[in-house]
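Undergrad: Quick one, model-v9.cif (mmCIF, C-alpha atoms):
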data_protein
loop_
_atom_site.label_atom_id
_atom_site.label_comp_id
_atom_site.auth_asym_id
_atom_site.auth_seq_id
_atom_site.Cartn_x
_atom_site.Cartn_y
_atom_site.Cartn_z
CA GLN O 1 9.68 -13.54 8.42
CA VAL O 2 7.74 -10.29 8.35
CA GLN O 3 4.16 -9.91 9.49
CA LEU O 4 2.02 -7.12 8.02
CA VAL O 5 -1.24 -5.74 9.39
CA GLU O 6 -3.23 -3.28 7.30
CA SER O 7 -5.90 -0.90 8.52
CA GLY O 8 -7.84 2.13 7.36
CA GLY O 9 -10.02 0.77 4.59
CA GLY O 10 -13.69 1.60 4.31
CA SER O 11 -16.40 3.13 2.18
CA VAL O 12 -16.34 6.67 0.84
CA GLN O 13 -18.04 8.71 -1.84
CA ALA O 14 -16.24 9.75 -4.99
CA GLY O 15 -13.94 12.69 -4.32
CA GLY O 16 -13.37 11.63 -0.74
CA SER O 17 -10.22 10.52 1.05
CA LEU O 18 -8.96 7.55 3.01
CA ARG O 19 -5.66 6.76 4.69
CA LEU O 20 -4.36 3.22 4.81
CA SER O 21 -1.73 2.02 7.26
CA CYS O 22 0.42 -1.08 7.24
CA ALA O 23 2.40 -2.02 10.33
CA ALA O 24 5.28 -4.47 9.97
CA SER O 25 6.74 -6.72 12.63
CA GLY O 26 9.34 -9.47 12.69
CA ARG O 27 12.50 -9.16 10.53
CA THR O 28 11.86 -5.53 9.76
CA SER O 29 15.57 -4.66 9.83
CA SER O 30 15.97 -6.62 6.60
CA MET O 31 13.18 -4.85 4.71
CA SER O 32 14.31 -3.13 1.54
CA SER O 33 10.99 -1.67 0.48
CA MET O 34 7.29 -1.59 1.23
CA GLY O 35 4.45 -0.96 -1.11
CA TRP O 36 0.77 -1.14 -1.90
CA PHE O 37 -1.05 -3.22 -4.48
CA ARG O 38 -4.75 -3.57 -5.17
CA GLN O 39 -7.09 -6.12 -6.67
CA ALA O 40 -10.53 -5.29 -8.00
CA PRO O 41 -13.16 -8.02 -8.49
CA GLY O 42 -12.40 -10.09 -11.57
CA LYS O 43 -9.08 -8.36 -12.18
CA ALA O 44 -5.45 -9.15 -11.55
CA ARG O 45 -3.59 -7.62 -8.63
CA GLU O 46 -1.91 -4.41 -9.70
CA PHE O 47 0.87 -2.18 -8.43
CA VAL O 48 -0.12 1.09 -6.73
CA ALA O 49 2.93 2.58 -5.03
CA THR O 50 6.22 1.63 -3.42
CA ILE O 51 8.79 3.28 -1.17
CA SER O 52 12.32 2.15 -0.42
CA TRP O 53 12.94 1.70 3.28
CA SER O 54 16.41 3.25 3.47
CA ILE O 55 16.44 6.32 1.23
CA GLY O 56 12.71 6.68 0.69
CA SER O 57 12.63 6.68 -3.08
CA ILE O 58 9.06 6.47 -4.32
CA ARG O 59 7.26 5.18 -7.37
CA TYR O 60 3.56 5.37 -8.30
CA ALA O 61 1.29 3.77 -10.83
CA ASP O 62 0.19 6.30 -13.45
CA SER O 63 -3.43 5.80 -12.43
CA VAL O 64 -2.84 7.22 -8.93
CA LYS O 65 -0.17 9.87 -9.52
CA GLY O 66 -1.19 13.21 -8.08
CA ARG O 67 -3.95 11.65 -5.97
CA PHE O 68 -2.21 9.10 -3.73
CA THR O 69 0.78 9.66 -1.46
CA ILE O 70 2.89 6.91 0.06
CA SER O 71 4.99 7.61 3.14
CA ARG O 72 6.79 5.72 5.86
CA ASP O 73 7.63 5.95 9.54
CA ASN O 74 10.79 3.93 10.06
CA ALA O 75 10.57 4.15 13.84
CA LYS O 76 7.11 2.56 13.76
CA ASN O 77 7.87 0.19 10.86
CA THR O 78 4.73 1.50 9.23
CA VAL O 79 3.89 2.58 5.70
CA TYR O 80 0.93 4.77 4.84
CA LEU O 81 -1.11 5.42 1.73
CA GLN O 82 -3.01 8.69 1.70
CA MET O 83 -5.68 8.47 -0.97
CA ASN O 84 -7.36 11.67 -2.10
CA SER O 85 -9.84 12.44 -4.89
CA LEU O 86 -10.97 8.84 -4.84
CA LYS O 87 -12.80 7.46 -7.87
CA PRO O 88 -15.15 4.48 -8.18
CA GLU O 89 -12.44 2.71 -10.19
CA ASP O 90 -10.22 2.81 -7.08
CA THR O 91 -12.55 0.27 -5.47
CA ALA O 92 -10.50 -2.81 -4.63
CA VAL O 93 -8.91 -4.80 -1.88
CA TYR O 94 -5.65 -3.05 -1.04
CA TYR O 95 -2.68 -5.18 -0.03
CA CYS O 96 0.53 -4.14 1.66
CA LYS O 97 3.75 -5.83 0.56
CA ALA O 98 7.19 -5.89 2.13
CA MET O 99 10.29 -6.97 0.29
CA VAL O 100 13.01 -8.47 2.46
CA GLY O 101 16.61 -8.88 1.40
CA GLY O 102 15.69 -8.20 -2.19
CA LEU O 103 14.43 -11.77 -2.48
CA TYR O 104 11.35 -12.43 -0.37
CA ASP O 105 7.92 -10.84 -0.55
CA TYR O 106 5.49 -10.77 2.36
CA TRP O 107 1.86 -9.75 2.02
CA GLY O 108 -0.76 -8.41 4.37
CA GLN O 109 -4.28 -9.76 4.59
CA GLY O 110 -5.78 -6.90 2.59
CA THR O 111 -8.22 -4.13 3.40
CA GLN O 112 -11.33 -3.26 1.39
CA VAL O 113 -11.73 0.19 -0.14
CA THR O 114 -15.09 0.97 -1.71
CA VAL O 115 -15.74 4.24 -3.56
CA SER O 116 -19.32 5.00 -4.54
CA SER O 117 -20.35 7.43 -7.26
#
Show how you would write the structure in this file as structure tokens.
TA:
Amino acid sequence: QVQLVESGGGSVQAGGSLRLSCAASGRTSSMSSMGWFRQAPGKAREFVATISWSIGSIRYADSVKGRFTISRDNAKNTVYLQMNSLKPEDTAVYYCKAMVGGLYDYWGQGTQVTVSS
């Protein structure tokens, strides 16, 4: 099992920045990737960004390319999401996800990000 704890959410005005963190514990040696998803009110959860744990390959949703940056600290078992030039449509609960062994997904509890215009 992997436990995930997110932090760093909050409220910001449009154009501002926030940095999310997600710390993993438990079977972290078996993690193959970590990523971020988000869910706005009344909408389905959607992919934001992912990073592979070994070689660090990265993928972003088109909606955040050029504004968000995902990174990792393997020693701390932590993944980060630096969010710049935030827009009101980025408002959502942001969830961290870890994939273990290519088979199992673990989710964090979510952190609220609110962007006001």
Undergrad: Using CA of Val12 in chain O and CA of Val113 in chain O as the two end points, give the distance in Å to one decimal.
TA: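 Those two atoms sit 8.0 Å apart.
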Undergrad: What would the selection look like, as a PyMOL selection string, if the PyMOL selection byres ((chain O and resi 99) around 10) were run on the coordinates I just shared?
TA: chain O and resi 2+28+30-35+52-53+97-98+100-107
Undergrad: What would the list of residues within 9 Å of (-10.6, -2.1, -7.2) (file frame) look like as a count of residues only, if all atoms listed in the file are what count?
TA: 16
Undergrad: To verify the selection step, state as a list in words which residues the PyMOL selection byres ((chain O and resi 37) around 6) yields on this input.
TA: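 The output of the PyMOL selection byres ((chain O and resi 37) around 6) on this file is Trp36, Arg38, Glu46, Phe47, Val48, Tyr94 and Tyr95 of chain O.
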Undergrad: Tell me which residues the PyMOL selection byres ((chain O and resi 83) around 10) grabs here, as a JSON list (two decimals) with C-alpha atoms, keeping the file's coordinate frame.
TA:
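The new file expr-v6.json reads:
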[["chain", "number", "residue", "atom", "x", "y", "z"],
["O", 15, "GLY", "CA", -13.94, 12.69, -4.32],
["O", 16, "GLY", "CA", -13.37, 11.63, -0.74],
["O", 17, "SER", "CA", -10.22, 10.52, 1.05],
["O", 18, "LEU", "CA", -8.96, 7.55, 3.01],
["O", 19, "ARG", "CA", -5.66, 6.76, 4.69],
["O", 20, "LEU", "CA", -4.36, 3.22, 4.81],
["O", 64, "VAL", "CA", -2.84, 7.22, -8.93],
["O", 66, "GLY", "CA", -1.19, 13.21, -8.08],
["O", 67, "ARG", "CA", -3.95, 11.65, -5.97],
["O", 68, "PHE", "CA", -2.21, 9.10, -3.73],
["O", 69, "THR", "CA", 0.78, 9.66, -1.46],
["O", 70, "ILE", "CA", 2.89, 6.91, 0.06],
["O", 80, "TYR", "CA", 0.93, 4.77, 4.84],
["O", 81, "LEU", "CA", -1.11, 5.42, 1.73],
["O", 82, "GLN", "CA", -3.01, 8.69, 1.70],
["O", 84, "ASN", "CA", -7.36, 11.67, -2.10],
["O", 85, "SER", "CA", -9.84, 12.44, -4.89],
["O", 86, "LEU", "CA", -10.97, 8.84, -4.84],
["O", 87, "LYS", "CA", -12.80, 7.46, -7.87],
["O", 90, "ASP", "CA", -10.22, 2.81, -7.08]]
Undergrad: Could you state the separation of CA of Ser71 in chain O and CA of Leu4 in chain O in Å, given to one decimal place?
TA: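 Here the two named atoms are 15.8 Å from each other.
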Undergrad: What does the structure give for the distance between CA of Ala23 in chain O and CA of Asn77 in chain O, in Å to one decimal?
TA: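 Straight-line distance from CA of Ala23 in chain O to CA of Asn77 in chain O works out to 5.9 Å.
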